[in-house]
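K.L.:
Quick one: structure below, then a few questions.
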Amino acid sequence: MHLAHYLRLLHRSQTALAEAFREIRRGHPHEPDMYGVCERLAVQCRDQARWLEPFVRRYEPWTSPSPEPERLHQPLFAGTRPGGLGLLRDLHDLYLLATECDIACAMIAQGAQGARDDELLDVVRRCGGELAVQLLWLRTRMRHAAPQALVVAY
């Protein structure tokens with residue numbers, strides 16, 4: 001059973017996404033919406049990672065040691081960049097990281113159905129719902145930032 005590989009990937013990605021939201025909040029203090037929204041989304045990601053921990057422990061004994069989750073996890077967010085274009089690129093990086101989480105949730109949901117683990121299925125569906133909102137906010141925020149970042153000279 002390889003479900004633990006994706007559970008570890010999702011747990012690590014959720015933890016990285018939480019920290020990235022906090023870093024963007026700190027790195028762009030002049031953006032008024034960043035502080036409250038990014039902190040709230042970081043808390044959601046942290047909570048999602050915590051919800052997954054019992055399942056990682058549950059499925060870990062059935063998984064042979066493998067570097068696969070390490071290989072699957074590549075840093076998608078490497079820190080904030082200054083200015084409007086930096087904000088746009090930072091949001092873009094967060095969107096990619098959130099998409100990684102979303103895809104992992106979808107794969108885990110399929111595995112949970114196959115394993116007939118309704119408890120895990122409920123958790124990843126809840127995570128998936130929150131991720132959908134995060135992705136929507138990130139897409140909207142990028143669309144808002146793009147015109148000024150890409151057209152207006154600083």
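Numbering starts fresh at 1 for the residues of each chain in the structure tokens, the chains themselves are lettered A, B, ... in the order given, and ligands are numbered from 1 as they appear.
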Run DSSP on the backbone and grab whatever in segment 8-116 of chain A lands in alpha helix (DSSP H); send it over as a PyMOL selection string.

P.N.:
chain A and resi 8-27+34-59+68-72+83-115

K.L.:
So that I can see what lies close to segment 111-123 of chain A, please list as a PyMOL selection string the residues with an atom at most 8 Å from it, counting only C-alpha atoms and leaving out residues fewer than 2 positions away in the same chain.

P.N.:
chain A and resi 3+51-52+55+107-109+125-127

K.L.:
Restrict the selected residues to N, CA and C atoms and save them as a tab-separated table (two decimals), in the first residue's frame.

P.N.:
chain	number	residue	atom	x	y	z
A	3	LEU	N	-0.37	4.50	-0.03
A	3	LEU	CA	-1.14	5.68	0.38
A	3	LEU	C	-0.31	6.61	1.27
A	51	TRP	N	-4.73	17.48	10.76
A	51	TRP	CA	-5.77	16.47	10.53
A	51	TRP	C	-5.19	15.23	9.86
A	52	LEU	N	-4.15	15.41	9.06
A	52	LEU	CA	-3.56	14.30	8.31
A	52	LEU	C	-2.63	13.43	9.15
A	55	PHE	N	-3.45	9.80	10.05
A	55	PHE	CA	-3.52	8.92	8.89
A	55	PHE	C	-2.12	8.56	8.39
A	107	MET	N	-5.89	12.53	-5.19
A	107	MET	CA	-5.33	11.18	-5.29
A	107	MET	C	-5.58	10.40	-4.00
A	108	ILE	N	-5.42	11.07	-2.86
A	108	ILE	CA	-5.65	10.41	-1.57
A	108	ILE	C	-7.13	10.03	-1.43
A	109	ALA	N	-8.02	10.90	-1.92
A	109	ALA	CA	-9.45	10.57	-1.86
A	109	ALA	C	-9.73	9.29	-2.64
A	125	ARG	N	-11.70	15.35	1.83
A	125	ARG	CA	-12.75	16.17	1.20
A	125	ARG	C	-12.85	17.54	1.88
A	126	ARG	N	-12.72	17.55	3.20
A	126	ARG	CA	-12.73	18.84	3.91
A	126	ARG	C	-11.52	19.68	3.50
A	127	CYS	N	-10.35	19.04	3.44
A	127	CYS	CA	-9.14	19.75	2.98
A	127	CYS	C	-9.34	20.27	1.57

K.L.:
Applying 9 Å and only C-alpha atoms, which residues near segment 135-144 of chain A remain after dropping the ones on its own chain fewer than 3 positions away? List them as number ranges by chain.

P.N.:
A: 87-89, 91-92, 94-95, 98-99, 102, 130-132, 147-148

K.L.:
Based on the selection just made, write N, CA, C and O atoms of those residues as a PDB file, in the first residue's frame.

P.N.:
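Saved the output as selection10.pdb:
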ATOM      1  N   LEU A  87       5.310  40.489  -5.877  1.00  0.00           N
ATOM      2  CA  LEU A  87       4.059  40.008  -5.279  1.00  0.00           C
ATOM      3  C   LEU A  87       3.345  39.052  -6.232  1.00  0.00           C
ATOM      4  O   LEU A  87       2.891  37.979  -5.822  1.00  0.00           O
ATOM      5  N   LEU A  88       3.262  39.422  -7.503  1.00  0.00           N
ATOM      6  CA  LEU A  88       2.604  38.565  -8.482  1.00  0.00           C
ATOM      7  C   LEU A  88       3.299  37.209  -8.579  1.00  0.00           C
ATOM      8  O   LEU A  88       2.654  36.162  -8.576  1.00  0.00           O
ATOM      9  N   ARG A  89       4.618  37.199  -8.643  1.00  0.00           N
ATOM     10  CA  ARG A  89       5.370  35.950  -8.716  1.00  0.00           C
ATOM     11  C   ARG A  89       5.203  35.133  -7.426  1.00  0.00           C
ATOM     12  O   ARG A  89       5.089  33.912  -7.470  1.00  0.00           O
ATOM     13  N   LEU A  91       2.586  35.155  -5.391  1.00  0.00           N
ATOM     14  CA  LEU A  91       1.236  34.583  -5.429  1.00  0.00           C
ATOM     15  C   LEU A  91       1.175  33.415  -6.412  1.00  0.00           C
ATOM     16  O   LEU A  91       0.520  32.399  -6.142  1.00  0.00           O
ATOM     17  N   HIS A  92       1.870  33.555  -7.526  1.00  0.00           N
ATOM     18  CA  HIS A  92       1.929  32.488  -8.518  1.00  0.00           C
ATOM     19  C   HIS A  92       2.564  31.233  -7.902  1.00  0.00           C
ATOM     20  O   HIS A  92       2.055  30.114  -8.064  1.00  0.00           O
ATOM     21  N   LEU A  94       2.647  30.437  -4.723  1.00  0.00           N
ATOM     22  CA  LEU A  94       1.687  29.889  -3.760  1.00  0.00           C
ATOM     23  C   LEU A  94       0.589  29.115  -4.470  1.00  0.00           C
ATOM     24  O   LEU A  94       0.157  28.069  -3.987  1.00  0.00           O
ATOM     25  N   TYR A  95       0.155  29.625  -5.613  1.00  0.00           N
ATOM     26  CA  TYR A  95      -0.880  28.937  -6.373  1.00  0.00           C
ATOM     27  C   TYR A  95      -0.397  27.548  -6.805  1.00  0.00           C
ATOM     28  O   TYR A  95      -1.136  26.565  -6.709  1.00  0.00           O
ATOM     29  N   ALA A  98      -0.369  25.334  -3.706  1.00  0.00           N
ATOM     30  CA  ALA A  98      -1.748  24.967  -3.343  1.00  0.00           C
ATOM     31  C   ALA A  98      -2.315  23.951  -4.335  1.00  0.00           C
ATOM     32  O   ALA A  98      -3.059  23.039  -3.941  1.00  0.00           O
ATOM     33  N   THR A  99      -1.945  24.079  -5.613  1.00  0.00           N
ATOM     34  CA  THR A  99      -2.395  23.106  -6.611  1.00  0.00           C
ATOM     35  C   THR A  99      -1.792  21.735  -6.331  1.00  0.00           C
ATOM     36  O   THR A  99      -2.466  20.713  -6.485  1.00  0.00           O
ATOM     37  N   ASP A 102      -3.894  20.291  -3.716  1.00  0.00           N
ATOM     38  CA  ASP A 102      -5.199  19.921  -4.258  1.00  0.00           C
ATOM     39  C   ASP A 102      -5.135  18.593  -5.019  1.00  0.00           C
ATOM     40  O   ASP A 102      -5.992  17.718  -4.848  1.00  0.00           O
ATOM     41  N   GLU A 130     -11.459  23.423   1.440  1.00  0.00           N
ATOM     42  CA  GLU A 130     -10.726  24.620   1.866  1.00  0.00           C
ATOM     43  C   GLU A 130      -9.681  25.008   0.817  1.00  0.00           C
ATOM     44  O   GLU A 130      -9.462  26.199   0.561  1.00  0.00           O
ATOM     45  N   LEU A 131      -9.037  24.026   0.213  1.00  0.00           N
ATOM     46  CA  LEU A 131      -8.060  24.321  -0.836  1.00  0.00           C
ATOM     47  C   LEU A 131      -8.719  24.996  -2.036  1.00  0.00           C
ATOM     48  O   LEU A 131      -8.126  25.890  -2.651  1.00  0.00           O
ATOM     49  N   ALA A 132      -9.937  24.601  -2.374  1.00  0.00           N
ATOM     50  CA  ALA A 132     -10.649  25.231  -3.490  1.00  0.00           C
ATOM     51  C   ALA A 132     -10.839  26.719  -3.228  1.00  0.00           C
ATOM     52  O   ALA A 132     -10.663  27.554  -4.130  1.00  0.00           O
ATOM     53  N   PRO A 147      -2.371  43.601 -13.691  1.00  0.00           N
ATOM     54  CA  PRO A 147      -2.283  44.793 -14.552  1.00  0.00           C
ATOM     55  C   PRO A 147      -1.211  45.779 -14.104  1.00  0.00           C
ATOM     56  O   PRO A 147      -0.393  46.219 -14.914  1.00  0.00           O
ATOM     57  N   GLN A 148      -1.193  46.110 -12.832  1.00  0.00           N
ATOM     58  CA  GLN A 148      -0.208  47.074 -12.364  1.00  0.00           C
ATOM     59  C   GLN A 148       1.202  46.487 -12.406  1.00  0.00           C
ATOM     60  O   GLN A 148       2.148  47.147 -12.810  1.00  0.00           O
TER      61      GLN A 148
END

K.L.:
Excluding segment 21-33 of chain A and its own-chain neighbours fewer than 2 positions away, which residues fall within 10 Å of it when counting only C-alpha atoms? Please give them as a list in words.

P.N.:
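My list of contacting residues is Ala16, Leu17, Ala18, Glu19, Tyr35, Gly36, Val37, Cys38, Glu39, Arg40, Leu41, Ala42, Val43, Cys45, Phe77, Ala78, Gly79, Thr80, Arg81, Pro82, Gly83, Gly84, Gly86, Leu87, Asp90, Leu91, Leu94 and Arg141 of chain A.
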
K.L.:
Which is closest to Ile103 of chain A among A:Leu150, A:Leu10, A:Ala4, A:Ala145, if we use only C-alpha atoms?

P.N.:
A:Leu10

K.L.:
Between atom CA of Arg8 of chain A and atom CA of Glu60 of chain A, what distance in Å does the model show, to one decimal?

P.N.:
9.1 Å

K.L.:
Restricting the calculation to only C-alpha atoms: of A:Ala20, A:Leu7, A:Val152, A:Met34, which residue gets closest to Arg57 of chain A?

P.N.:
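Comparing A:Ala20, A:Leu7, A:Val152, A:Met34 against Arg57 of chain A, the winner is A:Leu7.
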
K.L.:
So what do you get for atom CA of Leu85 of chain A versus atom CA of Ala149 of chain A, distance-wise?

P.N.:
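Computed distance, atom CA of Leu85 of chain A to atom CA of Ala149 of chain A, equals 4.7 Å.
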